$ cat data.cif   # mmCIF, C-alpha atoms and all ligand atoms
data_upload
#
loop_
_atom_site.label_atom_id
_atom_site.label_comp_id
_atom_site.auth_asym_id
_atom_site.auth_seq_id
_atom_site.Cartn_x
_atom_site.Cartn_y
_atom_site.Cartn_z
CA MET A 669 325.24 207.85 67.98
CA PRO A 670 324.34 211.55 68.17
CA VAL A 671 325.08 213.10 71.57
CA ASN A 672 322.04 213.88 73.71
CA LEU A 673 322.57 215.34 77.17
CA LYS A 674 318.92 216.21 77.91
CA GLY A 675 318.03 215.62 81.55
CA ARG A 676 321.61 214.83 82.58
CA HIS A 677 323.45 216.02 85.69
CA LEU A 678 326.99 217.41 85.76
CA ILE A 679 328.29 216.37 89.17
CA THR A 680 331.84 215.55 88.10
CA LEU A 681 333.47 215.43 84.66
CA LYS A 682 333.47 211.66 85.12
CA ASP A 683 329.76 211.94 84.19
CA LEU A 684 330.79 212.79 80.62
CA LYS A 685 332.17 210.66 77.80
CA PRO A 686 334.93 212.12 75.57
CA GLU A 687 332.45 212.76 72.74
CA GLU A 688 330.09 214.53 75.15
CA ILE A 689 332.86 216.92 76.24
CA LYS A 690 333.63 217.62 72.59
CA TYR A 691 329.93 218.24 71.92
CA LEU A 692 329.71 220.74 74.81
CA LEU A 693 332.83 222.54 73.60
CA HIS A 694 331.47 222.83 70.06
CA LEU A 695 328.12 224.02 71.36
CA SER A 696 330.01 226.65 73.41
CA VAL A 697 331.81 227.83 70.26
CA ASP A 698 328.44 228.20 68.47
CA LEU A 699 326.76 229.99 71.38
CA LYS A 700 329.73 232.33 71.80
CA ALA A 701 329.70 233.23 68.10
CA ARG A 702 325.95 233.83 68.25
CA LYS A 703 326.28 236.14 71.26
CA LEU A 704 329.08 238.09 69.57
CA THR A 705 326.82 238.77 66.58
CA GLY A 706 324.23 240.19 68.98
CA ILE A 707 321.55 237.54 68.45
CA LYS A 708 319.26 237.19 71.48
CA GLY A 709 318.63 233.53 72.16
CA ASN A 710 315.53 231.66 73.30
CA LEU A 711 317.01 228.25 73.98
CA LEU A 712 316.15 228.48 77.70
CA GLU A 713 312.88 230.35 77.32
CA HIS A 714 310.31 229.56 80.07
CA LYS A 715 312.98 227.74 82.09
CA ASN A 716 313.69 228.50 85.74
CA VAL A 717 317.13 227.94 87.17
CA CYS A 718 318.13 227.88 90.84
CA LEU A 719 321.64 228.96 91.86
CA LEU A 720 322.28 227.52 95.32
CA PHE A 721 325.49 228.83 96.91
CA GLU A 722 327.18 227.94 100.22
CA LYS A 723 330.56 229.41 99.19
CA THR A 724 331.40 232.78 97.67
CA SER A 725 331.69 233.33 93.90
CA THR A 726 332.13 235.99 91.25
CA ARG A 727 332.53 234.13 87.96
CA THR A 728 330.33 231.08 88.48
CA ARG A 729 327.36 232.98 89.84
CA CYS A 730 327.53 235.74 87.23
CA ALA A 731 328.24 233.34 84.37
CA PHE A 732 325.13 231.30 85.22
CA GLU A 733 322.99 234.44 85.57
CA VAL A 734 324.12 236.08 82.33
CA ALA A 735 324.03 232.81 80.38
CA ALA A 736 320.50 232.09 81.59
CA CYS A 737 319.32 235.61 80.83
CA ASP A 738 320.88 235.55 77.33
CA GLU A 739 318.75 232.53 76.45
CA GLY A 740 315.55 233.69 78.14
CA ALA A 741 315.61 231.80 81.48
CA ASN A 742 314.76 233.15 84.91
CA VAL A 743 317.18 232.61 87.81
CA THR A 744 316.97 232.63 91.61
CA PHE A 745 320.19 233.23 93.53
CA LEU A 746 319.78 231.37 96.84
CA THR A 747 322.34 231.76 99.62
CA ASN A 748 320.19 231.74 102.73
CA SER A 749 318.02 228.66 102.27
CA GLN A 750 316.92 226.35 105.08
CA MET A 751 319.14 223.58 103.66
CA GLY A 752 321.34 221.90 106.24
CA LYS A 753 319.99 224.01 109.11
CA LYS A 754 316.29 223.23 109.34
CA GLU A 755 315.79 221.08 106.25
CA SER A 756 317.72 218.13 104.89
CA VAL A 757 319.45 218.22 101.52
CA GLU A 758 317.03 215.52 100.33
CA ASP A 759 313.92 217.53 101.27
CA THR A 760 315.42 220.71 99.80
CA ALA A 761 316.10 218.87 96.52
CA LYS A 762 312.51 217.60 96.40
CA VAL A 763 311.15 221.12 96.91
CA LEU A 764 313.47 222.91 94.47
CA GLY A 765 312.90 220.22 91.85
CA ARG A 766 309.20 221.15 91.82
CA TYR A 767 309.93 224.80 91.01
CA TYR A 768 313.00 224.68 88.84
CA ASP A 769 314.12 223.08 85.59
CA GLY A 770 317.77 222.97 86.72
CA ILE A 771 319.75 223.55 89.91
CA GLU A 772 323.34 224.73 90.25
CA PHE A 773 325.06 224.02 93.56
CA ARG A 774 328.32 225.48 94.91
CA GLY A 775 329.44 224.37 98.33
CA TYR A 776 331.61 222.19 100.47
CA SER A 777 330.69 218.54 100.32
CA GLN A 778 330.53 216.50 97.13
CA GLU A 779 327.92 214.40 98.92
CA THR A 780 325.56 217.41 99.03
CA VAL A 781 325.58 217.86 95.25
CA GLU A 782 325.16 214.08 94.80
CA THR A 783 322.18 214.04 97.17
CA LEU A 784 320.62 217.00 95.37
CA ALA A 785 321.03 215.18 92.06
CA LYS A 786 319.53 211.99 93.48
CA HIS A 787 316.36 213.66 94.70
CA ALA A 788 315.72 216.80 92.64
CA GLY A 789 314.25 215.09 89.58
CA VAL A 790 315.85 217.82 87.40
CA PRO A 791 319.45 218.31 86.21
CA VAL A 792 321.89 219.40 88.90
CA TRP A 793 325.16 221.13 87.94
CA ASN A 794 328.17 221.21 90.24
CA GLY A 795 329.39 224.82 90.44
CA LEU A 796 332.32 223.73 92.69
CA THR A 797 332.67 221.51 95.71
CA ASP A 798 335.75 220.70 97.80
CA MET A 799 336.38 217.81 95.42
CA TYR A 800 335.49 218.96 91.89
CA HIS A 801 334.89 222.01 89.68
CA PRO A 802 333.68 220.52 86.38
CA THR A 803 332.19 223.61 84.72
CA GLN A 804 335.54 225.41 85.04
CA ILE A 805 337.33 222.76 82.98
CA LEU A 806 335.05 223.25 79.97
CA ALA A 807 335.93 226.96 79.98
CA ASP A 808 339.61 226.07 80.28
CA PHE A 809 339.51 223.70 77.33
CA LEU A 810 337.56 226.17 75.18
CA THR A 811 340.26 228.75 75.96
CA ILE A 812 343.02 226.32 74.97
CA MET A 813 341.19 225.57 71.71
CA GLU A 814 341.17 229.31 70.99
CA GLN A 815 344.70 230.14 72.16
CA VAL A 816 346.85 227.11 71.25
CA ASP A 817 347.23 226.14 67.63
CA LYS A 818 346.91 222.38 68.26
CA PRO A 819 344.07 219.93 68.87
CA LEU A 820 343.47 219.25 72.58
CA ASN A 821 344.95 215.75 72.34
CA LYS A 822 348.28 217.20 71.17
CA VAL A 823 348.56 219.75 73.98
CA LYS A 824 351.07 219.46 76.82
CA PHE A 825 349.36 220.90 79.89
CA VAL A 826 351.18 221.48 83.18
CA TYR A 827 349.22 222.10 86.36
CA ALA A 828 351.57 223.55 88.99
CA GLY A 829 350.46 223.76 92.60
CA ASP A 830 347.88 222.01 94.77
CA ALA A 831 347.21 219.02 92.51
CA ARG A 832 344.74 217.34 94.85
CA ASN A 833 342.22 220.19 95.17
CA ASN A 834 339.00 220.55 93.18
CA MET A 835 340.90 222.05 90.22
CA GLY A 836 343.72 219.50 90.27
CA ASN A 837 341.23 216.63 90.37
CA SER A 838 338.99 218.05 87.67
CA LEU A 839 341.80 218.99 85.30
CA LEU A 840 343.22 215.48 85.64
CA ILE A 841 339.84 213.97 84.74
CA GLY A 842 339.32 216.40 81.86
CA ALA A 843 342.79 215.84 80.47
CA ALA A 844 342.34 212.07 80.60
CA LEU A 845 339.01 212.36 78.77
CA VAL A 846 340.30 214.55 75.93
CA GLY A 847 343.60 212.71 75.55
CA MET A 848 346.00 215.44 76.69
CA HIS A 849 349.55 215.17 77.97
CA PHE A 850 348.87 216.22 81.57
CA VAL A 851 351.60 216.95 84.11
CA ALA A 852 350.78 217.58 87.76
CA LEU A 853 353.82 219.52 89.01
CA ALA A 854 353.44 219.42 92.78
CA PRO A 855 354.98 218.13 95.99
CA LYS A 856 354.09 214.46 96.50
CA GLU A 857 351.97 215.37 99.52
CA LEU A 858 349.63 217.25 97.19
CA TRP A 859 349.26 214.76 94.35
CA PRO A 860 345.75 213.45 93.62
CA THR A 861 344.69 210.25 95.38
CA LYS A 862 345.96 206.95 94.00
CA GLU A 863 342.35 205.90 93.55
CA LEU A 864 341.60 208.83 91.20
CA VAL A 865 344.91 208.44 89.35
CA ASP A 866 344.29 204.71 88.76
CA GLU A 867 340.75 205.40 87.59
CA MET A 868 341.96 208.10 85.16
CA GLN A 869 344.80 205.90 83.88
CA VAL A 870 342.12 203.49 82.62
CA VAL A 871 340.49 206.38 80.75
CA ALA A 872 343.91 207.55 79.48
CA ASP A 873 344.66 204.07 78.11
CA TYR A 874 341.55 204.47 75.99
CA THR A 875 341.96 208.12 74.89
CA GLY A 876 345.75 208.19 74.51
CA ALA A 877 346.26 210.73 77.30
CA VAL A 878 349.61 210.79 79.10
CA LEU A 879 349.32 211.42 82.84
CA GLU A 880 352.48 212.45 84.73
CA PHE A 881 353.09 213.40 88.33
CA SER A 882 356.33 215.19 89.06
CA GLU A 883 358.25 217.28 91.58
CA ASP A 884 360.83 218.24 88.94
CA LEU A 885 360.54 221.82 87.63
CA ASP A 886 362.10 220.72 84.33
CA SER A 887 358.98 218.67 83.60
CA VAL A 888 357.50 221.91 82.19
CA GLU A 889 359.73 221.59 79.09
CA ASN A 890 357.70 222.00 75.87
CA ALA A 891 354.53 222.82 77.79
CA ASP A 892 351.84 224.62 75.79
CA VAL A 893 349.94 225.61 78.93
CA ILE A 894 351.02 226.38 82.49
CA TYR A 895 348.04 226.41 84.83
CA THR A 896 347.82 227.14 88.52
CA ASP A 897 345.23 227.71 91.22
CA VAL A 898 345.26 229.10 94.75
CA TRP A 899 347.39 227.25 97.31
CA VAL A 900 344.61 227.39 99.90
CA SER A 901 341.10 226.69 98.69
CA MET A 902 337.84 227.94 100.18
CA GLY A 903 337.27 226.21 103.49
CA GLU A 904 340.99 225.55 104.16
CA GLU A 905 341.92 229.00 105.46
CA ASP A 906 343.89 227.63 108.44
CA LEU A 907 346.44 226.00 106.09
CA PHE A 908 348.31 229.03 104.69
CA GLU A 909 351.58 228.44 106.55
CA GLU A 910 351.78 224.75 105.66
CA ARG A 911 350.86 225.28 102.01
CA ILE A 912 353.25 228.20 101.49
CA LYS A 913 356.07 225.99 102.75
CA LEU A 914 355.11 223.13 100.44
CA LEU A 915 354.24 225.13 97.36
CA LYS A 916 356.66 228.05 97.22
CA PRO A 917 359.07 226.17 94.90
CA PHE A 918 356.16 225.57 92.48
CA GLN A 919 355.15 229.22 92.09
CA VAL A 920 354.50 230.16 88.46
CA ASN A 921 357.07 232.84 87.66
CA MET A 922 359.05 233.93 84.61
CA ASP A 923 361.73 231.36 85.36
CA MET A 924 359.13 228.58 85.12
CA LEU A 925 357.82 229.98 81.82
CA ARG A 926 361.39 230.14 80.45
CA ARG A 927 361.99 226.52 81.44
CA THR A 928 359.18 225.51 79.04
CA LYS A 929 361.44 226.65 76.13
CA ASN A 930 358.19 227.62 74.41
CA SER A 931 357.91 231.35 73.74
CA ASN A 932 354.20 230.88 72.99
CA VAL A 933 353.37 229.13 76.27
CA ILE A 934 350.11 230.40 77.76
CA PHE A 935 349.39 230.99 81.43
CA MET A 936 345.99 230.04 82.84
CA HIS A 937 344.29 230.32 86.24
CA CYS A 938 340.67 229.70 87.18
CA LEU A 939 340.76 232.88 89.37
CA PRO A 940 340.62 234.49 91.84
CA ALA A 941 344.44 234.68 92.00
CA PHE A 942 346.89 235.91 94.61
CA HIS A 943 349.29 237.75 92.30
CA ASP A 944 349.60 240.98 94.28
CA THR A 945 348.67 242.60 97.58
CA MET A 946 345.51 244.34 96.39
CA THR A 947 343.23 242.15 98.53
CA GLU A 948 342.66 241.71 102.27
CA VAL A 949 344.11 238.20 102.18
CA GLY A 950 347.00 239.33 99.98
CA ARG A 951 347.92 242.03 102.51
CA GLU A 952 347.67 239.57 105.43
CA ILE A 953 349.98 237.14 103.62
CA GLU A 954 352.50 239.92 103.02
CA GLU A 955 352.41 240.92 106.69
CA LYS A 956 352.70 237.36 108.03
CA PHE A 957 354.94 235.69 105.46
CA GLY A 958 356.59 238.53 103.54
CA LEU A 959 355.19 237.35 100.19
CA THR A 960 353.74 239.81 97.69
CA ALA A 961 352.33 237.01 95.53
CA MET A 962 351.61 233.32 96.01
CA GLU A 963 350.81 230.86 93.22
CA VAL A 964 351.73 233.28 90.39
CA THR A 965 353.83 236.41 90.21
CA ASP A 966 352.25 239.66 89.12
CA GLU A 967 354.74 239.70 86.24
CA VAL A 968 353.39 236.44 84.77
CA PHE A 969 349.77 237.32 85.56
CA ARG A 970 350.03 240.56 83.58
CA SER A 971 352.33 239.20 80.86
CA LYS A 972 351.50 238.53 77.21
CA HIS A 973 351.36 234.82 78.11
CA SER A 974 348.37 235.29 80.41
CA VAL A 975 344.91 234.43 79.02
CA VAL A 976 343.14 234.47 82.38
CA PHE A 977 340.45 236.97 81.43
CA GLU A 978 339.66 235.19 78.14
CA GLU A 979 339.32 232.07 80.30
CA ALA A 980 337.01 233.89 82.73
CA GLU A 981 334.81 235.06 79.86
CA ASN A 982 334.56 231.51 78.60
CA ARG A 983 332.97 230.42 81.89
CA MET A 984 329.82 232.10 80.63
CA HIS A 985 329.78 230.56 77.16
CA THR A 986 330.49 227.05 78.43
CA ILE A 987 328.00 227.24 81.31
CA LYS A 988 325.42 228.37 78.75
CA ALA A 989 326.23 225.29 76.69
CA ILE A 990 325.76 223.03 79.73
CA MET A 991 322.34 224.52 80.51
CA VAL A 992 321.22 224.51 76.87
CA ALA A 993 322.35 220.90 76.41
CA THR A 994 320.72 219.56 79.58
CA ILE A 995 317.50 221.57 79.92
CA GLY A 996 317.29 223.70 76.76
CA ASN A 997 314.84 223.85 73.86
CA LEU A 998 317.36 222.50 71.36
N1 LIG A 1001 336.73 230.31 88.88
C1 LIG A 1001 335.67 230.43 89.68
O1 LIG A 1001 334.92 229.47 89.95
O2 LIG A 1001 335.47 231.68 90.14
P1 LIG A 1001 334.42 232.12 91.25
O3 LIG A 1001 334.86 231.49 92.55
O4 LIG A 1001 334.46 233.61 91.28
O5 LIG A 1001 333.06 231.60 90.87
N1 LIG A 1002 340.49 225.72 94.42
C1 LIG A 1002 339.76 226.97 94.49
C2 LIG A 1002 339.03 227.19 93.21
C3 LIG A 1002 338.30 228.51 93.14
C4 LIG A 1002 337.56 228.70 91.85
C5 LIG A 1002 338.82 226.95 95.68
O1 LIG A 1002 338.13 225.97 95.86
O2 LIG A 1002 338.80 227.93 96.43
#
$ encode --input "data.cif" --output "structure tokens"
Amino acid sequence: MPVNLKGRHLITLKDLKPEEIKYLLHLSVDLKARKLTGIKGNLLEHKNVCLLFEKTSTRTRCAFEVAACDEGANVTFLTNSQMGKKESVEDTAKVLGRYYDGIEFRGYSQETVETLAKHAGVPVWNGLTDMYHPTQILADFLTIMEQVDKPLNKVKFVYAGDARNNMGNSLLIGAALVGMHFVALAPKELWPTKELVDEMQVVADYTGAVLEFSEDLDSVENADVIYTDVWVSMGEEDLFEERIKLLKPFQVNMDMLRRTKNSNVIFMHCLPAFHDTMTEVGREIEEKFGLTAMEVTDEVFRSKHSVVFEEAENRMHTIKAIMVATIGNL
């Protein structure tokens, strides 16, 4: 059966079948190649896209805007809507669905993006909630395809850090779907819920993925990819002290990369990253806790292993693929 994603939402990666992820990744490769040759696209011509943001963003917002513009769509960036204050999510969805062909939402509650999807009547894309960040994972997998000389289902991928946040959850789902060897290297307190793990084990049994949860730093041996994310996600800013205590042993540093015994191991991070003290938060953390970096050292971040900016670029190509596949003139 040929893949057809027209009219579909992307609320969590669980919405996609393995062949649909592969399709989106291949479409991303094609769209990226086309952009690099300078061809102006028209696959989203006459489409209007709404970018609804409760939380801050650099990559996701800009990736959607540039991707839409590249293919001829118009975008509205909406951060001060009536939603939640004077108008319900349901009513907002019904209004926006009459103007727009697709709606991206970034915010707190997963329930909000689900309610938008239920009532908008047009595709809704999750640009990050407390629970999931599905568009990021497509960019991550495209980057691995480009940087690691192995098919995705042969890759050993270690996620070190807060394994129960939106990135930990979404990488687990993505890895299960594409058949990867996935290791969550994290303190037990920060492992994904048993419910999600059990659900993904069923998927893994079908795709051949291996899902591991470990507190042992030696579980990075033979890793192709070491991935991390912030220790304190947006909306959890009162948890720095607790998280630093729990996660300090899992910082990605040169010692962790050496333990992989793979000189070609790549380092990935969805960004933004606390690898130095060049930010307000970074300086506060140094003052309060004496740390000059959190989840990754500056040395690793700037090393030859790091592909974080290639990964950031790929947000745009993969988001373009999602829009083209779900609302485009393909
Ligand atoms: N990775 C990511 O989602 O970045 P932004 O928060 O800048 O959108
Ligand atoms: N876990 C992070 C991801 C940022 C892209 C957060 O939610 O803040």
$ closest_atom_pairs --input "data.cif" --of "chain A" --to "ligand LIG 1001 (chain A)" --cutoff "12 Å" --atoms "all atoms listed in the file" --output "Markdown table"
| residue | atom | partner | partner_atom | distance |
| --- | --- | --- | --- | --- |
| A:Leu719 | CA | A:LIG1001 | O5 | 11.8 |
| A:Phe721 | CA | A:LIG1001 | O5 | 10.1 |
| A:Glu722 | CA | A:LIG1001 | O3 | 11.4 |
| A:Lys723 | CA | A:LIG1001 | O3 | 8.2 |
| A:Thr724 | CA | A:LIG1001 | O3 | 6.3 |
| A:Ser725 | CA | A:LIG1001 | O5 | 3.7 |
| A:Thr726 | CA | A:LIG1001 | O4 | 3.3 |
| A:Arg727 | CA | A:LIG1001 | O4 | 3.9 |
| A:Thr728 | CA | A:LIG1001 | O5 | 3.7 |
| A:Arg729 | CA | A:LIG1001 | O5 | 6.0 |
| A:Cys730 | CA | A:LIG1001 | O5 | 7.8 |
| A:Ala731 | CA | A:LIG1001 | O5 | 8.3 |
| A:Phe732 | CA | A:LIG1001 | O5 | 9.7 |
| A:Glu733 | CA | A:LIG1001 | O5 | 11.7 |
| A:Glu772 | CA | A:LIG1001 | O5 | 11.9 |
| A:Phe773 | CA | A:LIG1001 | O5 | 11.3 |
| A:Arg774 | CA | A:LIG1001 | O5 | 8.7 |
| A:Gly775 | CA | A:LIG1001 | O3 | 10.7 |
| A:Asn794 | CA | A:LIG1001 | O1 | 10.7 |
| A:Gly795 | CA | A:LIG1001 | O1 | 7.2 |
| A:Leu796 | CA | A:LIG1001 | O1 | 6.9 |
| A:Thr797 | CA | A:LIG1001 | O1 | 10.1 |
| A:Asp798 | CA | A:LIG1001 | O1 | 11.8 |
| A:Tyr800 | CA | A:LIG1001 | O1 | 10.7 |
| A:His801 | CA | A:LIG1001 | O1 | 7.5 |
| A:Pro802 | CA | A:LIG1001 | O1 | 9.7 |
| A:Thr803 | CA | A:LIG1001 | O1 | 8.3 |
| A:Gln804 | CA | A:LIG1001 | N1 | 6.3 |
| A:Ile805 | CA | A:LIG1001 | N1 | 9.6 |
| A:Leu806 | CA | A:LIG1001 | N1 | 11.5 |
| A:Ala807 | CA | A:LIG1001 | N1 | 9.5 |
| A:Asp808 | CA | A:LIG1001 | N1 | 10.0 |
| A:Asn834 | CA | A:LIG1001 | O1 | 10.3 |
| A:Met835 | CA | A:LIG1001 | N1 | 9.3 |
| A:Thr896 | CA | A:LIG1001 | N1 | 11.5 |
| A:Asp897 | CA | A:LIG1001 | N1 | 9.2 |
| A:Val898 | CA | A:LIG1001 | N1 | 10.4 |
| A:Ser901 | CA | A:LIG1001 | O3 | 10.0 |
| A:Met902 | CA | A:LIG1001 | O3 | 8.9 |
| A:Met936 | CA | A:LIG1001 | N1 | 11.1 |
| A:His937 | CA | A:LIG1001 | N1 | 8.0 |
| A:Cys938 | CA | A:LIG1001 | N1 | 4.3 |
| A:Leu939 | CA | A:LIG1001 | N1 | 4.8 |
| A:Pro940 | CA | A:LIG1001 | O2 | 6.1 |
| A:Ala941 | CA | A:LIG1001 | N1 | 9.4 |
| A:Val976 | CA | A:LIG1001 | N1 | 10.0 |
| A:Phe977 | CA | A:LIG1001 | N1 | 10.7 |
| A:Glu979 | CA | A:LIG1001 | N1 | 9.1 |
| A:Ala980 | CA | A:LIG1001 | N1 | 7.1 |
| A:Glu981 | CA | A:LIG1001 | N1 | 10.4 |
| A:Asn982 | CA | A:LIG1001 | N1 | 10.6 |
| A:Arg983 | CA | A:LIG1001 | N1 | 7.9 |
| A:Met984 | CA | A:LIG1001 | O5 | 10.8 |
| A:Ile987 | CA | A:LIG1001 | O1 | 11.3 |
$ residues_near_point --input "data.cif" --point "(356.5, 238.9, 96.3)" --cutoff "12 Å" --atoms "all atoms listed in the file" --output "list in words"
Lys916, Gln919, Val920, Asn921, Phe942, His943, Asp944, Thr945, Gly950, Arg951, Ile953, Glu954, Glu955, Phe957, Gly958, Leu959, Thr960, Ala961, Met962, Glu963, Val964, Thr965, Asp966 and Glu967 of chain A
$ closest_residue --input "data.cif" --among "A:Leu885, A:Ala854, A:Met799, A:Leu820" --to "ligand LIG 1002 (chain A)" --atoms "all atoms listed in the file"
A:Met799
$ atom_distance --input "data.cif" --atom1 "CA of Tyr874 (chain A)" --atom2 "CA of Glu814 (chain A)"
25.3 Å
$ residues_around --input "data.cif" --residues "Glu687 (chain A)" --least-positions-apart "3" --cutoff "9 Å" --atoms "only C-alpha atoms" --output "list of chain:residue names"
A:Val671, A:Leu684, A:Lys690, A:Tyr691, A:Leu692, A:Leu845, A:Val846
$ atom_distance --input "data.cif" --atom1 "CA of Leu853 (chain A)" --atom2 "CA of Arg832 (chain A)"
11.0 Å
$ residues_around --input "data.cif" --residues "Gly847 (chain A)" --least-positions-apart "2" --cutoff "7 Å" --atoms "only C-alpha atoms" --output "JSON, numbers by chain"
{"A": [821, 843, 844, 845, 849, 872, 875, 876, 877]}
$ atom_distance --input "data.cif" --atom1 "CA of Tyr827 (chain A)" --atom2 "CA of Leu839 (chain A)"
8.1 Å
$ closest_residue --input "data.cif" --among "A:Val893, A:Ala831, A:Met669, A:Val949" --to "ligand LIG 1002 (chain A)" --atoms "all atoms listed in the file"
A:Ala831
$ closest_residue --input "data.cif" --among "A:Ile990, A:Leu914, A:Val870, A:Ile894" --to "Pro855 (chain A)" --atoms "all atoms listed in the file"
A:Leu914
$ axis_aligned_box --input "data.cif" --around "ligand LIG 1002 (chain A)" --padding-each-side "5 Å" --output "lines of an AutoDock Vina configuration file"
center_x = 339.0
center_y = 227.2
center_z = 94.1
size_x = 12.9
size_y = 13.0
size_z = 14.6
